[in-house]
Every structure is written in C-alpha cells, then in structure tokens.
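S.K.: Okay, handing you the structure first.
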Amino acid sequence: MLTKFESKSARVKGLAFHPVRPWVCASLHNGVIQLWDYRVGTVIDRFEEHDGPVRGVDFHLTQPLLVSGGDDYKIKVWDYKLRRCLFTLLGHLDYIRTVQFHPNASQFSWILSASDDQTLRLWDFEKRTCLSVLTGHNHYVMSASFHPSDDLIVSASLDQTVRVWDTTGLRKKQQGGADGAMNDYSVSFSLGTDGNRNGEGGTGGLNVQAELFGTNDVVVKYVLEGHDRGVNWAAFHPTLPLITSAADDRQVKLWRMSETKAWEVDTLRGHANNVSCCLFHPNQDLIVSDSEDRSIRVWDVSKRVGVQTFRREGDRFWILAAHRSQSLLAAGHDSGMIVFKLERERPASAHGAANKLYYVRGRELFCHDYSRASNGTAGIDVPIASLRRVGQQAQTDGIGSSPRFLSYNQHNPSEGNVLVCSEVDGGCYELITFSLTSSSGSVTDGKRGSCMGPACFLGKTRFAVLDRQTRQIVVKNMNNETTKRVQPPVLTVDGIFDGGASGRLILRADDRAILFEVQSRRVLGEVTAPKIKSVIWSPDGSKAAIQCKYGIVIVDKQFEQLCSVTDAVRIKSGAWDSSPTGGTASEIFVYTTINHVKYCLASGDTGTIRTLENPIYAQTVMKDQLFCLDREARTKLIEIDTTEARFKLALSQKKYGQVMHMVKHSRLCGRAIVAYLQSKGFPEVALHFVREPKTRFRLALACGNIDAAIECALTLEQQSESRQGGRDTWGQLGSEALRQGNYQVVEMSYQKTSDFDRLSFLYLITGNIVNLRKMLAIANKRGDIMGRYHNALFLGDAEERVRILEESGNLPLAYISAKLHGLEDDAERIQVAIETCGGSVEGLMEKLSTEPKKASCLLQPPTPIIKATKWPTREVVKTTLEDFEGATESYAEEQVTQNNATDLNDDWENDGYGDTLASGMDDMNLDDDDLGDWGDDLDLGDDMAETKEEVVDEMDGLTNMGESVGYTLPDAGRPPAACWSINSSHAAVHSAAGGVTSALQLLNRQIAVSDFSKLQGAIVGSYLGSFVSVPGVPGSGSMSVPLLSNDVSGHPGDNSLPRTSLKMKNLVNGIRSGYRFFQGGKFNDSKDAFASVLLDIPLVVTDNKNEATEVKEMLEICREYITAIRIKGAIAENSGNPARSTELSAYFTHCNLQPAHLLLALRSAMGTSFKHKNFISAASFARRLLELPDMSSERNADLRVKATKVLQKSEQMARNEHELNYNESSTFSIDCASFLPIYAGANVVNCSYCGSSYAGTSMKGKVCLTCGLSVVGIQTLGLVSGS
C-alpha cells in the first residue's frame, strides 16, 4: 500500500472522490462533511447542517454539486462553489445509509438513496421530486448503487439478500415525457404555503399506494441469496457482468449475471470480523474489501485468492471508495481516512544508445525507437523479451510484482544488456542480454539474484548490486558471478545509481548523495539531497539531475552542486534536452509533477511550461517535443513550448544577439518575465515588449532611457485622475534626469510638479538669469514671501530684498540690510517708519561685526563657464540589448559561427584537403640539411626582417650549436613563495610567503582582527618555520630551501604549499595546560594558557575537515574558560556585595566547562548561596551537583554528603535572602562585558572571531574583551582553517 494522504478526524462513514479535481469528500459520524485536497493535505471546506451521523456522500460528475444523507432522515444537495445547501429532500423514515448521483449525468438528474426504512428511493434533483420508491427488502438497506452503464441498481440488506433492480421502465417513462403519469407517483418539493424557506419539501401529496407498495417502473431482476448474515455492501464490476458483496458472515462473495439469471461464483474467506465494504478495482482485475477486523484485503478476481492484506492497529474500517479514472482508493476508519494506491504506477524504463528507450509493459520488455518518430507519432515499439514472474507471487500478477527499476549498459556498444529490478521478496534483479543488430536475434535467459534497490552497470562486463543483508556493494560479471565486494564509505547506504562514468556509482545514504569510485574506494563528491528517487545524466555526461521527492539538485561531473530547486508537490520524472541544434542540449532539464511540466536551468532559474490532465513520465526532450510514458507504459509525444527556458538560458550565457532575436520574434510577455529581467539587471530587454505605461515607465527609469520615460510620463499624466499620481511620476523622472545631467528634462519635471524652489535653484546653478527673474515675478504674483526673498538672494538684488523685508513687516531687518548694502535713502525711510511706530534704530548696527573679513558682502549669481542644453557627458553607444538592428547583426554572426563549427568536418572532407595533404607529404623532402632554405622562402615584411637580422646578429657567436637548432629556452618559473600566496587564502600561508600585509588583510576580512601586535610572534614564526637554511661549500653562502607540505608523492610544482610551524599538537598542549592550571586553582596561569591558544588558532593550517572541526571546538573551549575565569575574578571583586557575588557564582556554573571543572563551579556556587542565605538557589545548585556522574565515585563521597545536607536544609528554609537576576529555567548567554544574562530575543552583538556575546550595541566597533583581537559586531566570513 502506498499511502498518498492520511487525515485525523472522527469516524468516517462515507467517502467520495471528485471526478476531476484532487478532492475527496468524507462524511463523519459527528455530522460534519469535510472536503479535502488529498494532494496538498488540507481541508478545503466543511458543511455542518446535518443532525447526527452522515453515512452517505457523492459528487456530481459535471456540476459543482454534492449530495449527502444522514441519520436525520434528510438528503441534502450542496453547491460546493457557493458553499451552502441548495435544498433538502424529505421522504425517508429512518437513517439514510448511502446516496449516489446517476453515473450518466448528462441524461439523468437522478439520485439513488438507501435507508433503514427498508426502501430505496430514486429522486430527480432538478425537479426536486421523488421518482420511485423501491420496496422489497424486509430489513435495513445498507447500500445501493447504479450500474456504470446499464439500467440496473444493486442493493444490499441485512435481510441477507442482494437485489438487482431493473430501471428500464423508469428510464423510458422519463425519456418519453409522460408528465401526466408522473403525478401519480411523484411529489413536488417546491416551496409550500407554510413559508418554509429552507428548500425542504413536504410529503402531503404522495400517493399512499406508491408509498406502501412501490411502483412498477422499477422491478426486481434478481434476488441473490447465499450469505448467512446481513449483507453490508454490494457493487457492480465496471465492465463485466459481475457483482461483489460483503456481509457480517465475514465473507466476500462474487456473483455473475446473465440476461435471465444470476448465480454465485465463489466465496472469498479471510476476514476475521464483519466485512464493511467491498468494490472492484477500477483498473485491475481485483476486489478490495475492508472489515471491522482492522484490515483491508485485496483479492484476485480470476484466481479468487487473497493477494495482499493491509492491517491498521486500533481502527476498524467502515467504508471504501475508488476514483473513477485513477488507481486511487480511499478507506474510512474510526479515527479518519487514508487515500492510497495498491502499487506504484511508474513504468520501469531506461535510455539506450542511438535514441532508443527500453521499458517494461506488463511482463514484456520493449525497445522504443525515437528516431523513427513522424507525423505526431512517438516512434515504434519492438518487443525484446518476456519477463518471468519471481518470488512467492509467481503464480499471479500480485501487488508489487511489477518491475521497479531498469538499467541499460551504456558501456557495451556490441550487445544490449538490461538489468530489471523489482521489490518482490525484498528486492531482486534479472540480467537480460540481447542483440542490437537484429530484432529477431536470440535473447539470453535472464540471470537472477537478490539486491536492494536498483542495480547499475559499472563497465562493459561488470554490474553492481547492493546486498540487502550486509549493505555491501557487490560487483558481478555477465555470468552473474561475484568478483568483488566493496564496503561503502557509510553504513546507511540504501540505494545505488549510475555514476556517469565507468567504475563510478552514486550512493544514497540518509539525505545525502555520494559519488563513489569502486576501484579505488574513494569518495569523489557529496551533496545534500533528501529522499532521492533517481539520477538523470545529461546526454554529454557533463551534468546530472538528482531527482528527489520534492526537489531537483543539479550537479556537474565532479559532483559540485550547481543549483537546487524545490517544489510543493511530488516530482514524477525528468529528462534533459537533447536537441542536436540550438545550443540547449544538456542545458535545460525538463521535469514533470502530477499536473505540470516544468523546467530548470543550471543557473537555478525555473518555470512552468504547461499543465497536464494525467501524470506522465518524461524520457527525452527534443526541441519543443516531449517524449514520455503514461501510467499504462504507452509512449506519447507531447508538444511543449520551451521559449521561456531558451530565453533565460541565452540570457545567462550572455548570448545577447539571440536574446534580442527572441524578443523580436517570440511571444514573450507576462509580469513574470518582466520581473525576472529586472531581477537579473536587464530592464532594457523588458522595455522592448512591455506596453503598459506604468511598468514601462519603471523599466525606462531602471535602464536610464529618458526619452521612453518622458513618453510614458505624458501618457500616465493623461490617464491619472489625481494630481498626486502625476507629481510622483514627474518627480521620479526629474531625479533620474538630474542624475544624467539632462537639466532640460529636469526643468520640465519641476514645472509639471510646480516645485518652484528647486526650479529656482536649477536656474541658479545653470546661470539662467532671465528665467530666475521670471521666477521672482511668479513668486510675487503667488504672494510667496520666502520664494521672493530666495529669488532676490539668488539674483543679488539687494533693493528687492530690502523691499520684501519692509513689506513683510520686518523693519529692523530691512534697515540693517539697507545700511549694509549702502542704500542710505531706503535706510532713512525705514528709520522714519520705525520711529513712527515707537521704535528705535539705536544699537541695531552694533550687533553686526564691521571687520573686513567678517563683514557681509553682496551675493551675486555665478557666471556660467559654458551654456548648453545638457550637462557635458560622454556619449554612450547603444548596447545589443537596446538596439534591434545591432541584435539582428549579432544574432546573424552567432548563427554563422555555429554553422561554421557544425560544418567544419564536412569542409575538410569535401574540399579535397585530404588528397592534397597526402600527395604533398610524399613529395616533400624533410631532411635536416634543407632547413636553411626556409628563411629565403618566407616574405615577412620589412619590420619582421629587421627583427630577424637583429636576432641573427646577437646569436652570431653561437653557430657551433650544431644539431641543437630546435632548442628553446624553458619558461621561467616562479619562486615557491609566489605560488603559496596564489594557492591559498589562509593567513599563515601568506605569512610563510613573506606577504605580511596580505596576511593582515586576510585576518581583518575573515575575523575582523584589529590589534595585530599580539599576533607578531605567531606571524614571524610562520615565516621562519617555512624555510630551512642549508650551508654551502666553504666560502659560499647558505641556501634557503622551502619546506613544502604537499610534496609527499612528488614535487607539486606551481600548486605547492608551505609547512607551518604551528600544528594541532601545539593547540592541544595549550588546552591541556589550561585545564591543569584551572584544576589547581591557578586561574591567571590558566587564562594565559587559553589566551595563547586563541592567538595561535588563526595561524594553524588544518589538513582535513575533522581537524577543522576540532579547531573550532578548541576556539569555543578557550572562549568559555576565559569567560569563566573573568567571572571568577569578578566574584572576588564583589565579595562585599552578597547579591552580586551570588549572581556571579550562578553565572559561573553556566559556562560550558568540563564535568570535573563544572563540579568545582557548582560546589563553589552552592557554598556561596548557602552562606548568603539564598536557600532556593543553593538547593538548585545542590541538585545539579548530585546529578553529575562524577558524584558517584568514592573520592567525592564527602562532597556528596555535604551536598545532600545543604539540599535538605535549603528545602526546609525555602527562601532567598537576596533577589537575584538569575532564572535557571531559561536558556541564556552571558554578556562578556557586564556579566549579566542575555535571554532569547534580546538585541545582541558577537565577536567576529571567538563569538563572545554582548548585550545592546555599546560594544559594537570595539575590541573584544575575551580574545583581545577582533572587533565586535562586524559580520565576516569567519575563521578559515584549511589551506
């Protein structure tokens, strides 16, 4: 059983699948009807109008209707789009067990219901009338259902019978339109005179005879008797004249019908309690039944034997439902429901050589040739071999017996090898060998064995399987003989996949994919990929797509991750583009979900190509054609449009000519493409095909296209209803134009927005005095005092400024301004005005300084150096992305280049170069004596001739070199120190190379080191330790020889790296010294030891990931111990403050110390708290102390007794004398500056190197108090420990 969805709710009594959408409706025992989306697993809606349990529910085939029947004797018809009940049908006198719409929904608007009142009823829901009452059962009618195609109804009752009813008469009567006759047997459910507004009908006009004895429109055709107890369910076969029934006698019976009679075929026994429901599987020859014995059983109809049993502990099953078109089943139980499949429907398939696909349909292996596809057909199928049934289910096509995986040997071009794997009996494989040249060639009988998951070919004559017991990789030859067993690098491997090259495998372990080389047993790469389903390699082998349950991970050949994509629904399949032209091969990965075809690029870009009605399994993609298999393993050809994917691919590959050609000739549109182009920094591309003014305006501003922005702004101004919208548009345009220096557009923008202040300043800086005087006049007309004054100030018009101040009533300011600028007449007039008003001008001028340097002078507008319409800028040539003509030329050049590259081999073959070269080689005399003649035949020009003469003159003395004419000087090498700096980003390596400046820069960038003086010793040691001095012969100097760390297998050349003086052993010794001093109470010596390790860590080079992890752990240890020692010092300083010393003792115990040291800290904190009468805290520390493992040893017996006494005494007192800022139940970190707790959610900054925490921002930008090296609060890459 493959569970697709599971819900938790009250007991489920009724179930129904929606015919099209991924919905299932469940009616519950508590009266609620739930509508679930089983694909997403969410409740879409709830309907709660029934009183009591709802036992039956069904969807209409075409209309948005839902019918339900419950224990309140009511049948309700709901519109799930309107989310309400449309009307209620009344007539039944007891509980309603089942309801169903007629399967032929286009012709019959019928509803069938079965009830405990021993009747069945047929209703016309469009007329809201009862068409017929079917009587005959003498006990509760437990179920009733229509035949899928015939005029038949089957019902099951607790009277131990199954009845088949013929509705031919009613059908003819309805189609004949005998409305008059209907009045004898039907009741209208229209709104009565009693004002009932709930849509509920009455029964007052029902014919009494029809009510008691039924009508003759529907007659009993068969009565099936054979069950010993009440029958709970009966169902028709979808196509065959078969009926299945389930009863309380724990049996499932199979019946057959003919035109005249029906009889029992067989009885299926196996359930241990009442069988609640049974039905025929919609697509397979199976019967599915569920029971109160908490099991679901699957039976083979042809063999009449049990095939599978699924059990659920604790929940009884009550109901089953099957999807009309898919192989989905649903079962309701006591605590909810499950939606499931009996087996996987994915056909096993694998790509072969030369556009061939190998797949399994039924028990046959087929080869499909894509190269012969034409006229919309997907190609031709050729049967290869028949597969044998294996395992315990060899006699029947049981559940799970179909092949699951298929693998084709790509390494063998001479013959075909296929591995077929299934999950029968825990996993098995079959090796099939056949001829590739002849379709009628012999097929070698399959060689079989057990395995776990898929099997893969390693080479031409080898394949690998995973042993399911030992989890070892077993390598076998083509005779199925084991040649090698390899232990995988991890023990949790549960699957292997093709590694893309000979001798390589991809291992699936937990949530990882590991590229493993079998021969050398090396791990070549590893990526995170949860729930891996398959691995699809690109046609050229350069990339691989790891298909997961909910995502795709794309890696390259070296297993470096290129991108990762996640999806909300399950991913079904995927295939790489293999188009021979267009440059998209191995670049576009197309994958399918249950309802969509999507694409993914190596750059991480994704998109949706089209929707699907039914799930498909992609096999290959060529241009705009998707070759795939459906769930019946039938090949299909689906048209897709990959224009968007090719567009994004060309953009990522910077093929701008192709990009613009696609913009011009393809239908690219939509907000998604516009947003994508903006996010990638290409708004000028989107500008070509966007016509909406607002979006186009935004794009024009983004790419700096002022002309297009003006056009859009004018359009938006005409469309805008509010003035504010136009102001915002012109304001943005003005800002962009000002940035570009186009002050004509800036002037227009300011005029449109009436921004007079900015307009005046624009005229000032551009020297436009005429317009500045106009702005003065405009301000005067507007009555804008400040505007007038600013414009007068810009113009240098002192008289106007005095006049403005005088008119605005600022007479003292006007008097001072007039006196300063020598306007004596105006000053006298203003003085008179001031004195007239009772004021005085005495002392006004004394407030101003009369010194020459500080005295004010008249402000005059600057004289412009150059007058132009725009700011002088350099002309920018249009890029390919802006110019259509340039794009066309660029695209043509790309096409010519591509065609030339494609036809290169043809040119060499067709132009006759082969023959010419062959004959020329025969005629040429290549003896060494003729080499001198080459100089006379070459005409290299004057410049080259002079150069050659100079070379000959310089080398004239070396004519005796003889045969060494072809000698060339070797390229100059680089000193080792120069290579070291290039090959590594570690500060120790740069220090060893003598690059102290670059080393300090690296330390500052990586861990924000600020105080370099403390690292002087370590840096000098790195430099001195990377070379060794070798004494030379007497009288000569010594030689400096570099010490390399990667020269074990040979000289590394330019990839050399130095040895460094500081090793992991130095750090370990320092940590041990710190531990020893801490244990002995020598806290200052311990702090110095840990601080020394902190200073050495940045200059230690690790050899592997384990050492890098250990270095980071040592860094944390040093930080914790230095913090603890600083807190210990603070305790001594606050010995006179009981509350603070107790707090610090408590914080001391929360440092991450070794167990032996934590014991000392807890003992100290317990004693301090007990001494200061904080008994609650003392009890807490005593409990923590007693819980330590070391307390059980004999050497701590006295301490254990003491802690027990402290705990007893503290529990008796149970009070704290001092209030503490300490909460032992909350997790916190310690502020390394104030030694106060920092709880979760508080604002905190950390040291970039050691990670010490500081509350607030007071320490941000300062040197850390713990390590003394790095600056706090700077986000950096972090410590780099590997070379």
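So you can find residues: chains in the structure tokens are A, B, ... in the order shown, residues in each start at 1, and ligands are numbered from 1 in order.
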Can you pull out every residue within 9 Å of A:Asp293, counting only C-alpha atoms, but drop anything in the same chain fewer than 6 positions away, and send it as a ChimeraX atom specification?
M.R.: /A:271-275,311,315-317
S.K.: May I have all residues of stretch 71-143 of chain A that DSSP, computed from the backbone, assigns to strand (DSSP E or B), given as an MDAnalysis selection string?
M.R.: chainID A and resid 74:79 84:90 96:101 110:115 119:124 129:135 141:143
S.K.: Write out as number ranges by chain each polymer residue whose atoms come within 8 Å of stretch 458-474 of chain A, counting only C-alpha atoms; drop sequence neighbours fewer than 3 positions from it.
M.R.: A: 409-412, 450-455, 477-478, 482-488, 491-496, 498, 501-505
S.K.: With only C-alpha atoms as the basis for distance, which of A:Val24, A:Leu134, A:Met1064, A:Lys557 is at the shortest distance from A:Glu1110?
M.R.: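 Under the stated criterion, the closest residue is A:Met1064.
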S.K.: Residues near A:Leu1199, anyone? I mean within 10 Å using only C-alpha atoms, not counting same-chain ones fewer than 6 positions away, as a PyMOL selection string.
M.R.: chain A and resi 1159+1163+1185-1186+1191+1205
S.K.: Could you work out how far atom CA of A:Gly1268 lies from atom CA of A:Cys1250, giving the answer in Å with one decimal?
M.R.: 9.7 Å
S.K.: I need the residue nearest A:Ile816 from this list: A:Ser1026, A:Met845, A:Glu800, A:Phe434. Use only C-alpha atoms for the distance.
M.R.: A:Met845
S.K.: As a count of residues only, please: the residues near A:Tyr763 (cut-off 10 Å, only C-alpha atoms, same-chain neighbours under 6 positions excluded).
M.R.: 10
S.K.: Extract, using only C-alpha atoms, all DNA, RNA and protein residues at most 8 Å from A:Val162, discarding same-chain residues fewer than 6 positions from it, and format them as a list of chain:residue names.
M.R.: A:Val154, A:Ser155, A:Ala156, A:Val223, A:Leu224, A:Glu225, A:Val231, A:Ala234, A:Ser245
S.K.: Using the selection just defined, write its residues with C-alpha atoms as a short mmCIF file (atom, residue, chain, number, x, y, z; two decimals), in the first residue's frame.
M.R.:
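Written output follows (out_36.cif):
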data_model
loop_
_atom_site.label_atom_id
_atom_site.label_comp_id
_atom_site.auth_asym_id
_atom_site.auth_seq_id
_atom_site.Cartn_x
_atom_site.Cartn_y
_atom_site.Cartn_z
CA VAL A 154 -27.78 -3.29 -6.88
CA SER A 155 -28.74 -3.13 -3.22
CA ALA A 156 -27.60 -4.98 -0.09
CA VAL A 223 -32.50 -11.81 -5.72
CA LEU A 224 -29.09 -13.17 -4.70
CA GLU A 225 -29.18 -15.37 -1.61
CA VAL A 231 -25.15 -8.04 3.76
CA ALA A 234 -22.76 -4.78 -2.92
CA SER A 245 -20.91 -8.40 -1.89
#
